[in-house]
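Next up, run.txt (compact mmCIF, C-alpha atoms and all ligand atoms):
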```txt
# COMPACT_ATOMS: atom_id res chain seq x y z
CA LEU Y 1 55.76 118.21 119.32
CA ASP Y 2 55.36 115.83 116.37
CA ASP Y 3 56.41 118.51 113.87
CA PRO Y 4 60.02 118.45 112.60
CA ASP Y 5 59.92 122.21 112.01
CA PHE Y 6 59.19 122.80 115.69
CA TYR Y 7 62.61 121.36 116.59
CA ALA Y 8 64.38 122.95 113.61
CA ALA Y 9 63.36 126.38 114.91
CA ASN Y 10 63.99 127.28 118.57
CA PRO Y 11 61.79 124.86 120.55
CA HIS Y 12 63.06 125.98 123.95
CA PRO Y 13 60.58 128.75 124.92
CA ALA Y 14 57.65 126.37 124.32
CA LEU Y 15 59.38 123.49 126.09
CA ARG Y 16 60.09 125.75 129.07
CA GLN Y 17 56.41 126.62 129.24
CA LEU Y 18 55.49 122.93 129.23
CA ARG Y 19 58.01 122.16 131.98
CA THR Y 20 56.47 124.90 134.09
CA CYS Y 21 52.76 124.52 133.36
CA GLU Y 22 52.17 120.99 132.10
CA PRO Y 23 55.21 118.76 132.54
CA VAL Y 24 53.25 115.65 131.58
CA TYR Y 25 51.47 116.85 128.47
CA TRP Y 26 49.15 115.01 126.10
CA CYS Y 27 50.10 115.83 122.51
CA GLU Y 28 46.78 115.24 120.79
CA ARG Y 29 47.98 115.31 117.19
CA GLY Y 30 50.98 113.09 117.81
CA GLY Y 31 49.06 110.71 120.06
CA PHE Y 32 51.65 110.60 122.83
CA TRP Y 33 52.42 112.00 126.27
CA ALA Y 34 55.44 114.28 126.47
CA LEU Y 35 57.73 114.46 129.52
CA THR Y 36 59.79 117.63 129.76
CA ARG Y 37 61.16 117.65 133.33
CA TYR Y 38 64.54 116.15 134.16
CA VAL Y 39 63.24 114.01 137.05
CA ASP Y 40 60.36 112.59 135.02
CA VAL Y 41 62.47 111.81 131.94
CA ARG Y 42 65.11 110.17 134.09
CA SER Y 43 62.68 108.10 136.14
CA ALA Y 44 60.84 106.86 133.01
CA ALA Y 45 64.17 105.98 131.33
CA ARG Y 46 65.20 104.08 134.45
CA ASP Y 47 62.05 101.95 134.62
CA ALA Y 48 62.18 99.63 131.61
CA ARG Y 49 59.44 97.42 133.07
CA VAL Y 50 56.73 100.08 133.05
CA PHE Y 51 58.18 102.08 130.14
CA SER Y 52 58.84 99.54 127.41
CA SER Y 53 61.10 99.96 124.37
CA ALA Y 54 59.83 96.86 122.56
CA GLY Y 55 58.16 98.52 119.60
CA ASN Y 56 57.98 102.05 118.25
CA VAL Y 57 60.62 104.21 119.91
CA MET Y 58 60.72 107.26 117.67
CA ILE Y 59 58.37 110.24 117.69
CA ASP Y 60 57.53 110.04 113.99
CA GLU Y 61 56.69 106.34 114.27
CA VAL Y 62 54.15 106.94 117.02
CA SER Y 63 52.59 109.91 115.28
CA ASN Y 64 52.40 107.99 112.01
CA LEU Y 65 51.84 104.32 112.74
CA GLU Y 66 51.33 103.50 109.09
CA ARG Y 67 54.84 104.69 108.31
CA ALA Y 68 56.25 102.81 111.23
CA ALA Y 69 54.74 99.61 109.87
CA GLN Y 70 56.15 100.34 106.41
CA ARG Y 71 59.57 100.88 107.87
CA GLY Y 72 59.45 97.24 108.84
CA LEU Y 73 60.14 97.27 112.54
CA GLU Y 74 61.96 94.33 113.95
CA ALA Y 75 61.00 94.78 117.59
CA GLY Y 76 62.98 92.63 119.92
CA GLU Y 77 65.97 92.24 117.60
CA LEU Y 78 67.50 95.66 118.05
CA MET Y 79 68.93 96.87 121.35
CA LEU Y 80 67.03 100.10 120.89
CA ARG Y 81 63.72 98.29 120.40
CA SER Y 82 63.86 95.57 123.02
CA ASP Y 83 63.28 95.01 126.72
CA PRO Y 84 65.10 92.75 129.17
CA PRO Y 85 65.90 89.90 129.08
CA ARG Y 86 66.37 90.01 125.27
CA HIS Y 87 67.86 93.51 125.44
CA THR Y 88 70.47 92.45 128.00
CA LYS Y 89 71.57 89.54 125.80
CA LEU Y 90 71.79 91.65 122.65
CA ARG Y 91 73.77 94.33 124.45
CA ARG Y 92 76.18 91.76 125.87
CA VAL Y 93 77.21 90.77 122.32
CA VAL Y 94 78.94 94.10 121.71
CA GLN Y 95 79.50 95.41 125.24
CA GLN Y 96 83.21 94.60 125.35
CA ALA Y 97 83.95 96.40 122.08
CA PHE Y 98 82.27 99.56 123.40
CA ALA Y 99 84.00 99.54 126.81
CA GLN Y 100 86.06 102.64 127.62
CA SER Y 101 89.30 100.62 127.64
CA SER Y 102 88.64 99.10 124.19
CA VAL Y 103 87.64 102.40 122.64
CA GLN Y 104 90.72 104.13 124.09
CA GLN Y 105 92.89 101.91 121.88
CA LEU Y 106 91.41 103.60 118.82
CA GLN Y 107 92.67 107.01 119.90
CA ASN Y 108 95.54 107.24 117.39
CA ASP Y 109 93.45 105.97 114.50
CA ILE Y 110 90.76 108.53 115.28
CA ARG Y 111 93.41 111.26 115.37
CA HIS Y 112 94.54 110.22 111.89
CA ILE Y 113 90.99 110.34 110.58
CA VAL Y 114 90.40 113.80 112.03
CA GLU Y 115 93.74 115.06 110.76
CA LYS Y 116 93.06 113.81 107.24
CA ARG Y 117 89.61 115.43 107.13
CA LEU Y 118 90.91 118.69 108.63
CA ASN Y 119 93.73 118.82 106.09
CA SER Y 120 91.39 118.38 103.21
CA MET Y 121 89.05 121.08 104.55
CA VAL Y 122 91.95 123.48 105.15
CA GLU Y 123 93.34 122.76 101.67
CA SER Y 124 90.02 123.64 100.03
CA GLY Y 125 90.35 126.91 101.97
CA GLY Y 126 88.06 129.91 101.57
CA THR Y 127 84.39 129.43 102.36
CA VAL Y 128 83.27 125.84 102.85
CA ASP Y 129 80.26 124.01 104.21
CA PHE Y 130 81.51 122.62 107.50
CA VAL Y 131 78.75 119.98 107.60
CA SER Y 132 79.41 118.27 104.28
CA GLN Y 133 83.18 118.87 104.41
CA PHE Y 134 83.81 117.78 107.96
CA SER Y 135 81.12 117.04 110.55
CA GLN Y 136 79.33 114.46 108.40
CA THR Y 137 82.49 112.73 107.25
CA VAL Y 138 84.43 112.13 110.48
CA PRO Y 139 81.74 110.14 112.37
CA MET Y 140 81.20 107.75 109.44
CA ASP Y 141 84.97 107.24 109.05
CA VAL Y 142 85.15 106.44 112.77
CA VAL Y 143 82.21 104.01 112.76
CA CYS Y 144 83.68 102.25 109.69
CA LEU Y 145 86.97 101.91 111.58
CA PHE Y 146 85.11 100.63 114.62
CA LEU Y 147 83.11 98.01 112.70
CA GLY Y 148 85.99 97.05 110.41
CA LEU Y 149 84.43 98.31 107.16
CA PRO Y 150 86.71 99.59 104.37
CA ALA Y 151 87.44 103.32 104.78
CA ALA Y 152 86.79 103.78 101.06
CA ASP Y 153 83.13 102.82 101.54
CA ALA Y 154 82.47 105.60 104.08
CA PRO Y 155 81.12 108.19 101.57
CA PHE Y 156 78.69 105.68 100.05
CA LEU Y 157 77.52 104.60 103.52
CA LYS Y 158 77.17 108.21 104.62
CA LYS Y 159 74.86 108.87 101.72
CA LEU Y 160 72.70 105.85 102.50
CA ALA Y 161 72.56 106.66 106.22
CA SER Y 162 71.54 110.29 105.55
CA VAL Y 163 68.81 109.34 103.11
CA GLN Y 164 67.61 106.78 105.58
CA ALA Y 165 67.55 109.22 108.46
CA GLY Y 166 65.86 111.76 106.16
CA GLY Y 167 62.78 109.58 106.45
CA HIS Y 168 62.52 110.57 110.10
CA GLY Y 169 60.37 113.63 110.09
CA LEU Y 170 60.36 114.81 106.52
CA GLU Y 171 56.77 115.24 105.57
CA SER Y 172 57.16 114.35 101.93
CA GLY Y 173 56.25 110.79 101.05
CA GLN Y 174 59.06 110.85 98.49
CA ALA Y 175 61.70 111.29 101.18
CA PHE Y 176 60.16 108.43 103.07
CA GLU Y 177 60.18 106.16 99.99
CA ALA Y 178 63.83 107.08 99.40
CA SER Y 179 64.62 106.18 102.99
CA VAL Y 180 63.11 102.72 102.57
CA VAL Y 181 65.13 102.09 99.38
CA ALA Y 182 68.33 103.33 101.06
CA ARG Y 183 67.71 101.00 103.97
CA ARG Y 184 67.42 98.03 101.65
CA GLU Y 185 70.63 98.97 99.87
CA LEU Y 186 72.42 99.35 103.19
CA PHE Y 187 71.24 95.92 104.30
CA ASP Y 188 72.44 94.28 101.07
CA TYR Y 189 75.86 95.85 101.54
CA LEU Y 190 76.10 94.72 105.17
CA ASN Y 191 74.91 91.26 104.24
CA ASP Y 192 77.90 90.89 101.87
CA GLN Y 193 80.33 92.18 104.47
CA LEU Y 194 78.96 89.85 107.16
CA ALA Y 195 79.05 86.87 104.78
CA GLN Y 196 82.76 87.57 104.13
CA ARG Y 197 83.41 87.52 107.91
CA ARG Y 198 81.48 84.27 108.27
CA ARG Y 199 83.76 82.67 105.68
CA THR Y 200 86.98 84.37 106.83
CA PRO Y 201 86.94 85.77 110.35
CA THR Y 202 89.18 88.78 111.07
CA ILE Y 203 89.56 90.89 114.18
CA ASP Y 204 86.83 93.43 113.86
CA LEU Y 205 83.40 94.11 115.33
CA LEU Y 206 81.62 92.77 112.23
CA THR Y 207 83.35 89.43 112.81
CA VAL Y 208 82.08 89.50 116.40
CA LEU Y 209 78.54 90.04 115.06
CA ALA Y 210 78.91 87.41 112.33
CA HIS Y 211 79.88 84.75 114.88
CA ALA Y 212 77.79 85.91 117.86
CA GLN Y 213 75.62 83.49 119.78
CA ILE Y 214 72.76 84.11 122.18
CA ASP Y 215 71.61 81.21 124.38
CA ASP Y 216 73.96 78.93 122.38
CA GLN Y 217 72.15 79.81 119.16
CA PRO Y 218 73.85 81.74 116.34
CA LEU Y 219 72.43 85.21 115.85
CA HIS Y 220 70.03 85.19 112.91
CA GLU Y 221 71.57 86.77 109.78
CA ALA Y 222 68.84 89.40 109.63
CA THR Y 223 69.60 90.34 113.25
CA GLN Y 224 73.29 90.71 112.44
CA GLN Y 225 72.46 93.11 109.59
CA LEU Y 226 70.08 95.10 111.76
CA PHE Y 227 72.68 95.30 114.50
CA ALA Y 228 75.36 96.63 112.14
CA ALA Y 229 72.97 99.06 110.43
CA ASP Y 230 71.85 100.35 113.79
CA LEU Y 231 75.43 101.07 114.84
CA LEU Y 232 76.16 102.86 111.56
CA ILE Y 233 73.13 105.11 111.86
CA ALA Y 234 73.03 105.68 115.62
CA GLY Y 235 76.74 106.45 115.68
CA THR Y 236 76.85 109.02 112.91
CA GLU Y 237 73.88 111.42 112.84
CA THR Y 238 74.12 112.30 116.52
CA THR Y 239 77.90 112.78 116.52
CA ASP Y 240 77.69 114.89 113.37
CA ALA Y 241 75.03 117.03 115.10
CA THR Y 242 77.29 117.59 118.12
CA ILE Y 243 80.32 118.51 116.00
CA SER Y 244 78.51 121.03 113.79
CA GLY Y 245 76.26 122.37 116.57
CA GLY Y 246 79.19 122.51 119.01
CA LEU Y 247 81.33 124.44 116.54
CA TYR Y 248 78.51 126.90 115.98
CA GLU Y 249 77.82 127.47 119.70
CA LEU Y 250 81.50 127.89 120.46
CA PHE Y 251 82.56 130.06 117.54
CA SER Y 252 79.54 132.36 117.87
CA ARG Y 253 80.69 133.23 121.42
CA PRO Y 254 84.19 134.76 121.30
CA ASP Y 255 84.43 134.86 125.12
CA GLN Y 256 83.84 131.10 125.44
CA LEU Y 257 86.17 130.34 122.55
CA GLY Y 258 88.86 132.51 124.11
CA ARG Y 259 88.53 130.68 127.44
CA LEU Y 260 88.96 127.32 125.71
CA ARG Y 261 91.99 128.54 123.77
CA ARG Y 262 93.64 129.74 126.96
CA GLN Y 263 92.73 126.59 128.87
CA PRO Y 264 92.59 123.60 126.48
CA ASP Y 265 92.04 121.25 129.44
CA LEU Y 266 88.49 122.65 129.55
CA ILE Y 267 87.68 120.75 126.34
CA GLU Y 268 86.33 117.71 128.16
CA ASN Y 269 83.81 119.86 130.04
CA ALA Y 270 83.06 121.94 126.95
CA VAL Y 271 82.05 118.75 125.12
CA GLU Y 272 79.67 117.85 127.98
CA GLU Y 273 78.16 121.32 127.77
CA MET Y 274 77.72 120.95 123.99
CA LEU Y 275 75.91 117.66 124.56
CA ARG Y 276 73.65 119.25 127.18
CA PHE Y 277 72.97 122.42 125.25
CA ILE Y 278 72.36 120.85 121.82
CA SER Y 279 70.88 117.57 123.04
CA PRO Y 280 71.36 115.94 119.64
CA ALA Y 281 68.97 113.01 120.29
CA ILE Y 282 65.74 114.99 120.71
CA GLY Y 283 63.77 112.30 122.53
CA MET Y 284 62.78 108.65 122.50
CA VAL Y 285 59.41 107.01 122.99
CA ARG Y 286 58.30 104.26 125.37
CA MET Y 287 55.05 102.35 125.71
CA VAL Y 288 53.40 102.15 129.14
CA THR Y 289 52.87 98.54 130.25
CA GLU Y 290 50.57 99.28 133.21
CA ASP Y 291 48.51 102.28 134.35
CA VAL Y 292 50.79 104.77 136.08
CA ARG Y 293 50.38 108.28 137.56
CA MET Y 294 52.87 111.05 136.82
CA SER Y 295 52.47 114.62 138.04
CA GLY Y 296 48.75 114.09 138.59
CA LYS Y 297 48.13 112.61 135.11
CA LEU Y 298 46.99 109.04 134.53
CA LEU Y 299 49.00 107.29 131.82
CA ARG Y 300 47.16 104.19 130.70
CA ARG Y 301 48.52 100.82 129.64
CA HIS Y 302 49.57 100.94 125.94
CA ASP Y 303 49.86 104.75 125.90
CA HIS Y 304 52.99 106.12 124.26
CA VAL Y 305 55.27 108.55 126.14
CA ALA Y 306 58.02 110.71 124.63
CA LEU Y 307 61.03 111.25 126.89
CA LEU Y 308 62.18 114.66 125.63
CA PHE Y 309 65.89 114.72 126.46
CA ILE Y 310 66.12 118.09 124.71
CA ALA Y 311 63.71 119.59 127.28
CA ALA Y 312 65.15 117.79 130.32
CA ASN Y 313 68.61 119.13 129.46
CA ARG Y 314 67.39 122.71 129.95
CA ASP Y 315 65.58 122.06 133.24
CA GLU Y 316 66.04 125.11 135.44
CA SER Y 317 65.78 123.03 138.61
CA VAL Y 318 69.03 121.25 137.64
CA TRP Y 319 71.02 123.98 135.87
CA GLN Y 320 71.23 127.70 136.61
CA GLN Y 321 70.53 129.76 133.51
CA PRO Y 322 70.09 126.65 131.41
CA ASP Y 323 69.78 128.61 128.15
CA GLU Y 324 73.32 129.96 128.57
CA PHE Y 325 76.15 128.01 126.93
CA ASP Y 326 79.01 127.86 129.43
CA VAL Y 327 82.11 125.72 128.83
CA GLU Y 328 82.92 125.94 132.55
CA ARG Y 329 79.49 124.87 133.81
CA ALA Y 330 80.24 122.76 136.89
CA ASN Y 331 77.43 120.19 136.50
CA ALA Y 332 77.29 120.02 132.69
CA ARG Y 333 77.95 116.27 132.70
CA GLN Y 334 74.70 115.53 134.51
CA HIS Y 335 72.91 115.87 131.15
CA LEU Y 336 70.67 113.18 129.69
CA ALA Y 337 71.95 113.58 126.11
CA PHE Y 338 72.93 109.88 126.06
CA GLY Y 339 69.68 108.81 127.74
CA PHE Y 340 69.58 107.03 131.09
CA GLY Y 341 69.09 103.52 132.45
CA ARG Y 342 69.37 100.29 130.47
CA HIS Y 343 69.24 101.94 127.08
CA THR Y 344 71.91 104.55 127.88
CA CYS Y 345 73.87 105.05 124.68
CA ILE Y 346 76.33 102.20 124.26
CA GLY Y 347 78.53 104.44 122.10
CA ILE Y 348 79.06 106.96 124.91
CA TRP Y 349 82.85 106.44 125.26
CA LEU Y 350 83.44 106.34 121.54
CA ALA Y 351 81.40 109.52 121.01
CA LYS Y 352 83.11 111.40 123.85
CA LEU Y 353 86.60 110.39 122.71
CA GLU Y 354 85.85 111.38 119.13
CA LEU Y 355 84.35 114.73 120.15
CA ARG Y 356 87.30 115.59 122.39
CA ILE Y 357 89.80 114.80 119.64
CA VAL Y 358 87.78 116.77 117.07
CA PHE Y 359 87.61 119.94 119.18
CA GLN Y 360 91.22 119.71 120.36
CA MET Y 361 92.48 119.39 116.81
CA LEU Y 362 90.08 121.99 115.41
CA LEU Y 363 91.33 124.58 117.87
CA GLU Y 364 94.96 123.70 117.16
CA ARG Y 365 94.74 123.45 113.39
CA CYS Y 366 92.08 126.02 112.48
CA PRO Y 367 92.55 128.86 114.99
CA ASP Y 368 91.29 131.44 112.48
CA LEU Y 369 88.15 129.63 111.37
CA GLU Y 370 85.20 132.05 111.12
CA LEU Y 371 81.46 131.55 110.91
CA VAL Y 372 80.11 133.21 107.79
CA GLY Y 373 76.35 133.19 107.35
CA GLU Y 374 73.61 131.51 109.27
CA PRO Y 375 73.46 127.75 109.90
CA VAL Y 376 70.64 125.85 108.18
CA PRO Y 377 68.83 123.62 110.71
CA LEU Y 378 67.72 120.09 109.83
CA ALA Y 379 63.98 119.44 110.14
CA SER Y 380 63.67 116.23 112.14
CA THR Y 381 61.88 114.88 115.20
CA LEU Y 382 64.85 112.60 115.87
CA VAL Y 383 68.07 114.63 115.70
CA LYS Y 384 68.68 118.30 116.49
CA SER Y 385 71.20 118.99 113.78
CA LEU Y 386 72.37 121.30 111.04
CA SER Y 387 72.25 120.56 107.35
CA ARG Y 388 74.62 123.43 106.43
CA LEU Y 389 77.10 125.62 108.29
CA PRO Y 390 79.16 128.01 106.17
CA VAL Y 391 82.62 128.74 107.58
CA ARG Y 392 85.67 130.55 106.23
CA ILE Y 393 89.16 129.22 106.69
CA PRO Y 394 91.78 131.86 105.90
CA ARG Y 395 94.52 130.43 103.68
C1 LIG Y 401 76.98 112.47 120.45
C2 LIG Y 401 76.72 111.25 120.04
C3 LIG Y 401 75.59 110.39 120.52
C4 LIG Y 401 74.41 110.73 121.16
C5 LIG Y 401 73.95 112.10 121.61
C6 LIG Y 401 73.67 109.50 121.36
C7 LIG Y 401 72.45 109.42 122.01
C8 LIG Y 401 71.81 108.24 122.35
C9 LIG Y 401 70.64 108.13 123.19
C10 LIG Y 401 69.88 109.29 123.81
C11 LIG Y 401 70.34 106.82 123.32
C12 LIG Y 401 69.23 106.21 124.20
C13 LIG Y 401 68.04 105.75 123.42
C14 LIG Y 401 66.88 105.35 124.30
O1 LIG Y 401 66.85 105.64 125.49
O2 LIG Y 401 65.93 104.75 123.76
C15 LIG Y 401 71.31 106.08 122.54
C16 LIG Y 401 71.33 104.71 122.39
C17 LIG Y 401 72.19 104.05 121.53
N1 LIG Y 401 73.28 104.58 120.88
FE1 LIG Y 401 73.89 106.49 120.94
N2 LIG Y 401 74.39 108.46 120.83
C18 LIG Y 401 75.56 108.95 120.31
C19 LIG Y 401 76.58 108.22 119.73
C20 LIG Y 401 76.55 106.87 119.46
C21 LIG Y 401 77.59 106.11 118.82
C22 LIG Y 401 78.94 106.70 118.38
C23 LIG Y 401 77.13 104.83 118.68
C24 LIG Y 401 77.76 103.63 118.07
C25 LIG Y 401 78.74 103.60 117.21
C26 LIG Y 401 75.80 104.79 119.28
C27 LIG Y 401 75.00 103.68 119.36
C28 LIG Y 401 73.86 103.58 120.14
C29 LIG Y 401 73.11 102.34 120.32
C30 LIG Y 401 73.42 101.01 119.67
C31 LIG Y 401 72.06 102.64 121.20
C32 LIG Y 401 71.01 101.68 121.74
C33 LIG Y 401 71.43 101.21 123.12
C34 LIG Y 401 70.38 100.38 123.85
O3 LIG Y 401 69.20 100.46 123.50
O4 LIG Y 401 70.77 99.65 124.75
N3 LIG Y 401 75.49 106.05 119.75
N4 LIG Y 401 72.20 106.97 121.97
```
Show the structure stored in the file as structure tokens.
Amino acid sequence: LDDPDFYAANPHPALRQLRTCEPVYWCERGGFWALTRYVDVRSAARDARVFSSAGNVMIDEVSNLERAAQRGLEAGELMLRSDPPRHTKLRRVVQQAFAQSSVQQLQNDIRHIVEKRLNSMVESGGTVDFVSQFSQTVPMDVVCLFLGLPAADAPFLKKLASVQAGGHGLESGQAFEASVVARRELFDYLNDQLAQRRRTPTIDLLTVLAHAQIDDQPLHEATQQLFAADLLIAGTETTDATISGGLYELFSRPDQLGRLRRQPDLIENAVEEMLRFISPAIGMVRMVTEDVRMSGKLLRRHDHVALLFIAANRDESVWQQPDEFDVERANARQHLAFGFGRHTCIGIWLAKLELRIVFQMLLERCPDLELVGEPVPLASTLVKSLSRLPVRIPR
């Protein structure tokens, strides 16, 4: 469970066995408990007092504490790595920008982004890599729009974010070193952008961050950078994974694709099913703050626990035939792909809007797109994604 290759291959048969035989499982090598049942994952995510986020929250950090320390964790200053009351205050800074009504106003701009990227993919024609040509580009364009960063900087930021995320799970020390360097470069860039907003405020989310206050105190500059970096990274890898994985699941099942073509109003539900089926955020870790019993096991204070969303989203007690991909599944939206409780993904409305627009426009503009060749999975303990997906677009 601490091995990136386990998730890159098909982890589901093993996860099913854990759900059935040992739903609260001690992963000796990784040094953490693993929760695989829907009810357990949800109840741990809901209880931020007993299951704390203030510290290491990623599988590879817990299984390699030395690396986690090198990564320079700033516990308490990131939403993802904090508990109430600090978490509530940090989240409040950006809550309004992420509200469904605010995000809805970006609809036309997102359409333009998707259209531009689709046009350039269609123009290249022939066989292309869908990941590098499309699914990696759109989410970064959208997050740049959302933060107020220049669109022209998106490719450079994409490169930094990918190298940085590459550090999650790749065994080679080199990849990890590269991820640390990329992180520094990203922070320098964001520092410049934030400094510009401090001098000359505009109407974008970076300006909100640059002038934010908590308890009447300005947000520390390092916290502002962390905040912005977090949004750039959290908002891109997972959305990319859903676009490329979703395309693969859909286009490898002609019956499902046909249903969606005949009934485009199914797209909203199809996106929920993609999120459930792929479960792009594999799982997050919490630290137990007091001894607690779960399914007969005693979890001790300071133990780490992985909430495996990827396993919970295939729980057979919630979904019938959970390993089937069904765009009409009635309870698809019950998934935990965005987590649950206080740390539920703040980008949920932005991600859903973007995914709906992407699949609507893909079906309209590229009706004859074909999968050619096998997808190449990404080896990571953080994101269930593809690093390559060859497709053919007839000219
Ligand atoms: C399909 C796309 C996405 C998926 C599957 C996803 C998944 C998740 C999950 C599972 C969490 C919970 C983490 C935890 O419980 O510890 C989370 C939190 C978060 N996500 Fe997303 N996310 C997506 C898109 C986005 C976007 C577009 C943004 C921003 C632009 C974003 C920003 C965040 C942030 C800032 C948090 C931390 C929230 C907190 O701790 O209060 N995510 N996401």
Counting all atoms listed in the file, what are the residues of chain Y within 6 Å of ligand LIG 401 (chain Y), and for each of them which pair of atoms is the nearest and at what distance in Å, to one decimal? Sort the table by chain and rising number, as JSON lines.
```
{"residue": "Y:Met79", "atom": "CA", "partner": "Y:LIG401", "partner_atom": "O3", "distance": 4.2}
{"residue": "Y:Leu80", "atom": "CA", "partner": "Y:LIG401", "partner_atom": "O3", "distance": 3.4}
{"residue": "Y:Val143", "atom": "CA", "partner": "Y:LIG401", "partner_atom": "C25", "distance": 5.7}
{"residue": "Y:Leu231", "atom": "CA", "partner": "Y:LIG401", "partner_atom": "C24", "distance": 4.7}
{"residue": "Y:Ala234", "atom": "CA", "partner": "Y:LIG401", "partner_atom": "C26", "distance": 4.7}
{"residue": "Y:Gly235", "atom": "CA", "partner": "Y:LIG401", "partner_atom": "C21", "distance": 3.3}
{"residue": "Y:Thr238", "atom": "CA", "partner": "Y:LIG401", "partner_atom": "C2", "distance": 4.5}
{"residue": "Y:Thr239", "atom": "CA", "partner": "Y:LIG401", "partner_atom": "C2", "distance": 4.0}
{"residue": "Y:Thr242", "atom": "CA", "partner": "Y:LIG401", "partner_atom": "C1", "distance": 5.6}
{"residue": "Y:Pro280", "atom": "CA", "partner": "Y:LIG401", "partner_atom": "C5", "distance": 5.0}
{"residue": "Y:Ala281", "atom": "CA", "partner": "Y:LIG401", "partner_atom": "C10", "distance": 5.2}
{"residue": "Y:Met284", "atom": "CA", "partner": "Y:LIG401", "partner_atom": "O2", "distance": 5.2}
{"residue": "Y:Ala337", "atom": "CA", "partner": "Y:LIG401", "partner_atom": "C5", "distance": 5.1}
{"residue": "Y:Phe338", "atom": "CA", "partner": "Y:LIG401", "partner_atom": "C10", "distance": 3.8}
{"residue": "Y:Gly339", "atom": "CA", "partner": "Y:LIG401", "partner_atom": "C10", "distance": 4.0}
{"residue": "Y:Arg342", "atom": "CA", "partner": "Y:LIG401", "partner_atom": "O4", "distance": 5.9}
{"residue": "Y:His343", "atom": "CA", "partner": "Y:LIG401", "partner_atom": "O4", "distance": 3.6}
{"residue": "Y:Thr344", "atom": "CA", "partner": "Y:LIG401", "partner_atom": "C12", "distance": 4.8}
{"residue": "Y:Cys345", "atom": "CA", "partner": "Y:LIG401", "partner_atom": "C16", "distance": 3.4}
{"residue": "Y:Ile346", "atom": "CA", "partner": "Y:LIG401", "partner_atom": "C28", "distance": 5.0}
{"residue": "Y:Gly347", "atom": "CA", "partner": "Y:LIG401", "partner_atom": "C23", "distance": 3.7}
{"residue": "Y:Ile348", "atom": "CA", "partner": "Y:LIG401", "partner_atom": "C19", "distance": 5.9}
{"residue": "Y:Leu350", "atom": "CA", "partner": "Y:LIG401", "partner_atom": "C22", "distance": 5.5}
{"residue": "Y:Ala351", "atom": "CA", "partner": "Y:LIG401", "partner_atom": "C22", "distance": 4.6}
```
Closest-contact table, segment 84-182 of chain Y side, partner segment 358-373 of chain Y, 12 Å, counting all atoms listed in the file, as a Markdown table:
```
| residue | atom | partner | partner_atom | distance |
| --- | --- | --- | --- | --- |
| Y:Gln107 | CA | Y:Val358 | CA | 11.3 |
| Y:Ile110 | CA | Y:Val358 | CA | 8.9 |
| Y:Arg111 | CA | Y:Val358 | CA | 8.1 |
| Y:His112 | CA | Y:Met361 | CA | 10.6 |
| Y:Ile113 | CA | Y:Val358 | CA | 9.7 |
| Y:Val114 | CA | Y:Val358 | CA | 6.4 |
| Y:Glu115 | CA | Y:Met361 | CA | 7.5 |
| Y:Lys116 | CA | Y:Met361 | CA | 11.1 |
| Y:Arg117 | CA | Y:Val358 | CA | 10.2 |
| Y:Leu118 | CA | Y:Leu362 | CA | 7.6 |
| Y:Asn119 | CA | Y:Arg365 | CA | 8.7 |
| Y:Ser120 | CA | Y:Arg365 | CA | 11.9 |
| Y:Met121 | CA | Y:Cys366 | CA | 9.8 |
| Y:Val122 | CA | Y:Cys366 | CA | 7.8 |
| Y:Glu123 | CA | Y:Cys366 | CA | 11.4 |
| Y:Gly125 | CA | Y:Leu369 | CA | 10.0 |
| Y:Gly126 | CA | Y:Leu369 | CA | 9.8 |
| Y:Thr127 | CA | Y:Val372 | CA | 7.9 |
| Y:Val128 | CA | Y:Val372 | CA | 9.4 |
| Y:Asp129 | CA | Y:Val372 | CA | 9.9 |
| Y:Phe130 | CA | Y:Leu371 | CA | 9.6 |
| Y:Phe134 | CA | Y:Val358 | CA | 10.0 |
| Y:Ser135 | CA | Y:Val358 | CA | 9.3 |
| Y:Thr137 | CA | Y:Val358 | CA | 11.9 |
| Y:Val138 | CA | Y:Val358 | CA | 8.7 |
| Y:Pro139 | CA | Y:Val358 | CA | 10.1 |
| Y:Val142 | CA | Y:Val358 | CA | 11.5 |
```
Considering only C-alpha atoms, return as a compact mmCIF listing (two decimals) with C-alpha atoms, in the coordinates of the input whatever protein or nucleic-acid residues lie within 9 Å of Asn331 of chain Y, sequence-local ones (same chain, fewer than 6 positions apart) excluded.
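Saved the output as result_9.txt:
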```txt
# COMPACT_ATOMS: atom_id res chain seq x y z
CA GLU Y 273 78.16 121.32 127.77
CA VAL Y 318 69.03 121.25 137.64
CA TRP Y 319 71.02 123.98 135.87
```
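Residues with any atom within 12 Å of Thr223 of chain Y, counting only C-alpha atoms and excluding same-chain neighbours fewer than 5 positions away, are Leu73, Glu74, Ala75, Gly76, Glu77, Leu78, Met79, Leu90, Val93, Phe187, Leu190, Asn191, Leu194, Leu209, Ala210, His211, Ala212, Gln213, Ile214, Pro218, Ala228, Ala229 and Asp230 of chain Y.
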When distances are computed from all atoms listed in the file, which of Y:Ala45, Y:Ala97, Y:Val39, Y:Val50 shows the smallest separation from Asp303 of chain Y?
Y:Val50
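The space between atom CA of His87 of chain Y and atom CA of Ala332 of chain Y spans 29.1 Å.
A straight line drawn from atom CA of Gly246 of chain Y to atom CA of Phe309 of chain Y is 17.1 Å long.
Put simply, atom CA of Tyr248 of chain Y is 18.7 Å away from atom CA of Ser380 of chain Y.
Shortest separation to Asp323 of chain Y among Y:Val41, Y:Leu15, Y:Ala9, Y:Ile267 occurs at residue Y:Leu15, atoms counted being all atoms listed in the file.
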Counting only C-alpha atoms, the residue among Y:Gln320, Y:Thr20, Y:Gln225, Y:Gln164 that lies closest to Leu35 of chain Y is Y:Thr20
